[in-house]
Every structure is written in structure tokens, then in C-alpha cells.
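> Sharing a structure, written as C-alpha cells. Questions coming.
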Amino acid sequence: MANKLYPDAKAALDGLLFDGMTIMSGGFGLCGIPEKLIAALRDAGVKGLTVISNNAGVDGFGLGQLLETRQIAKMISSYVGENKEFERQYLAGELQLEFNPQGTLAERIRAGGAGIPGFYTKTGVGTLVAEGKEHKDFATASGTETYILETGLVADVSIVKAWKADPYGNLIFRKTSRNFNPMMATAGKVTVVEVEELVPAGTFDPDHIHTPGVFVQRLFVGRDYEKRIEQRTVRQREPA
Amino acid sequence: MWTRDQQAARAAKELQDGFYVNLGIGMPTLVANFIPERVDVTLQSENGMLGMGPFPFAGEEDPDLINAGKQTITELDRTSYFSSADSFAMIRGGHIDLSILGAMEVADNGDIANWMIPGKMVKGMGGAMDLVAGVKKIIVLMEHNAKDGSAKFKTVCTLPLTGKGVVDMIVSDLAVLARPAKGAPFKLIELAPGIDLDMLKARTEGHFEA
């Protein structure tokens, strides 16, 4: 078996990075982001990046770190509301931005990884999102409906966060930190994964694996996860 | 007039036993507090969860368990987790029964605008365009008038659209307007206490049947 294990994020990215490359980065908000790989990208200083990620982090954490260092030239995202530096760079014309509806973004990545160059969707028909895109009518159960053509997305490198992996690169995700990570794992020419725990081969029940190891080329165990919470909401215990 | 809580409670009356429901961020999240007894609904969160539970007790927050508003939440015995692609397969594929969301404008043909004000910083549409395009029934919870007094139920939306002809019902602080099918005109279903038809018409631009 080819060795997929690397000692850390820097080693796992070695030889993969070049200016102007496209990177997919998993996570929803700050939940399930590959925080060690993002920090390693910052330290590597690679520039002119196109980053495909649902969100753009917050000031000083997640992808916000790569905005501060001006390493990102373009973001493809569905929502970027939590980041003042993003807003400043965008309004100053320093940063390109392509908004995709969240489900369209997820499906473009899924399609790209599955070898599907395009698909038709009704999301965004009649809106700015549909401008310049091919329109096509299909007969459906509720009559003829108009759909638009969206294209699949692939990346030079996908950076992914999973909960556990085995040495074969089989992955298991935890709760809502799964989000965009499984599709991005399929859509990178090279997929690099950070996990909280590496388990011995044979530990996983094969029926419980979320992402099969074929989609994973490089793997390492991250330490001391920060896992910031954006909106800490709690309820009070009822008095006994 | 209805308060925000009363609006949410009125919208909650539209929940039916067995429904799978997606609640938008803001006022629509209040609807979860008014789910009628003996009505069992499963809440979907588009970041990848069915069966969303209440906020955790202090000290039990889990950073790997959040809703689409990035708030810490909990799971239930029915809960399942899945990827964003599966989540939007549910939404776009018509498997979710009802979505309740906010809006800046709704037109009397069912068009909705709730994601972008030209000239202001745009945060993005998130999952809103997928929800209005794919969910079986769309209810809008909004103030009847904007802060400047202008009607939010209009003949034509002036803001960039989120979806065309997709809204089924509006629950505002003044009234409930609904239509039996996409393409049909909106009808007045209910007036809030202290509001009569003339008052409603004076504060509404879009066409509706009384």
C-alpha cells in the first residue's frame, strides 16, 4: 500500500502548492474547517489563490487568516457575512467573489468529483445567478419547468477535516462538521486530510465509513484543535 | 397587530403532523417555540442535520454540532447527519414539506427578494435560493411594511430576486395572505387584531383578494 501518512500539515502539503492554484476548503462557518492545513497554507505564503469554500472564515481565524495575508485572489462561496477584512478587500476591488447558492455549490463539487461536467437545476432560475447560463425546459411531474446549466467544480488540492481515519485513508466525520468535506474529498486532484485520531487498520466497520480511502492521497493527525464556536447559544436548566 | 412571537405562533399553525421543516435564520427560528402539542415535526438544518434539538445546557456546547445560523444545538433520538450535497438533495428534490423564511420584498406573483440590496455589502444567498426553488411549501414571515413605511408585499419586487413565483403564504404583523397554488392570486385569510380591510389595503401595494 502506498503510504498516505505524513507527520504534519506542512509535510502533507509539500510539493503541492503553486501561486494561482485552486483550493477547496471544507467546513460550514468554522465547523469542520481544516484549521491545521489553513495555517500551513498561510505559513507557506502561496499567493493568488482561488478558494472554493462555503464561507470565508472570520477575522483572524479559518480562511480569514489567508485574507489577512492577501493570499486569496478569488472566493467561490455561498455566504461570507462574518468577516470585516473580506468586506474591506472586496469593496476595495482587491478580491474577486463568485456567489453560488449553497446547494448549487455543494452539487457542483459533488458533480466535479463524480466526473460530471455539468447539470441542470431549478435553483436560481429568474435571478442574477441564472444570467448568462444555458436555460432548458424539462417535463416534470408538475408540468414543464425551466432549469439552468451549472458546471462541475474541481480543485488542484482539496483540504479536508475529518474526525477519524485509518491508514488506508478511510474517513469518518463527526456530527455537523461533515458538511462540505466529503464532496471536496472527491473533487481534489490531490486531497489532503487532517484528522483528530488515526485508528489502526481494521478498526472501522466497513459499513460505517463515510469517505472511502480512494479519495484521499495524504493524511496526518492534527493536534490541539481550537474549534472556535461562532454563536454560543445555551438554555437554562429548569429548577428541580 | 401581531407581535413577532404572535406572528411565529400563527405560522406554527401551518405545521402538520409528520412534516419535515426548514426554518430560516431570524424570526422564523421563533416558530420552533410554538410547535402545537400532538404535532410532531422534524426540523432540518441545511448544514447537514435532520432532527434538530434545543440549545445545549451551559458547558455542554459541542463545536461540531451547530445549526445553519452557526448556533450550538443538540441532537434528538431521531437525528441523522449527512453531507451538504445530501442536505440539498432533500431540499431541491422536494423532500422537505415546508420552509419558513424572512423576506425584504414579496410580489403578488409570488416572487421573493431576501438576499441582496444593490449598493450595500452582499453577504450571499446561502441556502435561500435552493430552499425557495425546492421545498414544497414556502411561508414568508415578515413585517408588513419596511422601516420607511413602504409596503413589502408589492406588485413587482424592486430588489434582486431569490426566487420567482415561489411564495405560498405570507404571515405579516397585520395579516395572513395565502394562495391555494403557485400561479393563483393571493387571498386574505386572516387579519391581526385591531386591523381592518381598509387599513390593510392602505398599507399594501400588491394585489390580493379580500
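Simple scheme: letters A, B, ... for chains in C-alpha cells order, numbers from 1 for residues in each chain, numbers from 1 for ligands in the order shown.
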Give me the chain A side of the contact with chain B, cut-off 9 Å, one line per residue showing its nearest atom pair and distance in Å at one decimal, counting only C-alpha atoms, sorted by chain and residue number, as CSV.

residue,atom,partner,partner_atom,distance
A:Phe28,CA,B:Asn47,CA,6.8
A:Gly29,CA,B:Lys70,CA,6.6
A:Leu30,CA,B:Lys70,CA,8.3
A:Cys31,CA,B:Asp64,CA,5.8
A:Gly32,CA,B:Asp64,CA,6.8
A:Asn54,CA,B:Gly126,CA,8.2
A:Ser77,CA,B:Gly124,CA,7.9
A:Ser78,CA,B:Gly126,CA,4.7
A:Tyr79,CA,B:Gly124,CA,4.3
A:Val80,CA,B:Lys123,CA,5.1
A:Gly81,CA,B:Lys123,CA,4.5
A:Glu82,CA,B:Lys123,CA,8.3
A:Glu87,CA,B:Met121,CA,7.1
A:Tyr90,CA,B:Met121,CA,8.9
A:Leu91,CA,B:Met121,CA,7.8
A:Phe99,CA,B:Gly124,CA,6.3
A:Asn100,CA,B:Met125,CA,7.7
A:Pro101,CA,B:Gly126,CA,5.7
A:Gln102,CA,B:Gly127,CA,4.7
A:Gly103,CA,B:Phe88,CA,5.1
A:Thr104,CA,B:Asp130,CA,7.5
A:Leu105,CA,B:Ala85,CA,8.7
A:Ala106,CA,B:Ala85,CA,5.1
A:Glu107,CA,B:Ala85,CA,5.7
A:Ile109,CA,B:Ala85,CA,8.6
A:Arg110,CA,B:Ala85,CA,6.9
A:Thr121,CA,B:Arg92,CA,8.4
A:Lys122,CA,B:Ala133,CA,6.3
A:Thr123,CA,B:Asp130,CA,5.0
A:Gly124,CA,B:Met129,CA,5.8
A:Val125,CA,B:Gly163,CA,6.9
A:Gly126,CA,B:Lys164,CA,5.9
A:Thr127,CA,B:Leu161,CA,5.3
A:Leu128,CA,B:Pro160,CA,7.0
A:Arg174,CA,B:Asp64,CA,6.8
A:Lys175,CA,B:Leu65,CA,5.8
A:Thr176,CA,B:Leu65,CA,5.2
A:Ser177,CA,B:Asp64,CA,5.1
A:Arg178,CA,B:Ser83,CA,5.8
A:Asn179,CA,B:Ser83,CA,4.5
A:Phe180,CA,B:Ser84,CA,5.5
A:Asn181,CA,B:Ser83,CA,7.6
A:Pro182,CA,B:Ser83,CA,6.7
A:Met183,CA,B:Ala85,CA,7.4
A:Lys227,CA,B:Pro63,CA,6.1
A:Arg228,CA,B:Pro63,CA,6.8
A:Ile229,CA,B:Pro63,CA,5.6
A:Glu230,CA,B:Lys70,CA,6.1
A:Gln231,CA,B:Gln71,CA,4.6
A:Arg232,CA,B:Thr72,CA,5.6
A:Thr233,CA,B:Thr72,CA,5.4
A:Val234,CA,B:Phe55,CA,4.9
A:Arg235,CA,B:Phe57,CA,5.2
A:Gln236,CA,B:Phe57,CA,6.2
A:Arg237,CA,B:Phe57,CA,6.7
> Would you kindly return, as a ChimeraX atom specification, each protein, DNA or RNA residue with an atom no farther than 6 Å from any atom of range 189-194 of chain A, considering only C-alpha atoms and excluding same-chain residues fewer than 3 positions away?
/A:156-161,185,216-222
> For CA of Pro28 in chain B and CA of Asn114 in chain B, determine how far apart the two atoms are, in Å to one decimal place.
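Straight-line distance from CA of Pro28 in chain B to CA of Asn114 in chain B works out to 13.4 Å.
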> Can you tell me which residues surround Leu67 in chain A at a distance of at most 8 Å, considering only C-alpha atoms, apart from same-chain residues fewer than 5 positions away, and format the answer as a VMD selection string?
chain A and resid 72 85 to 86
> Using only C-alpha atoms, find the one residue out of B:Met169, B:Ala103, B:Met1, B:Leu30 that sits nearest to Asp196 in chain B.
B:Met1
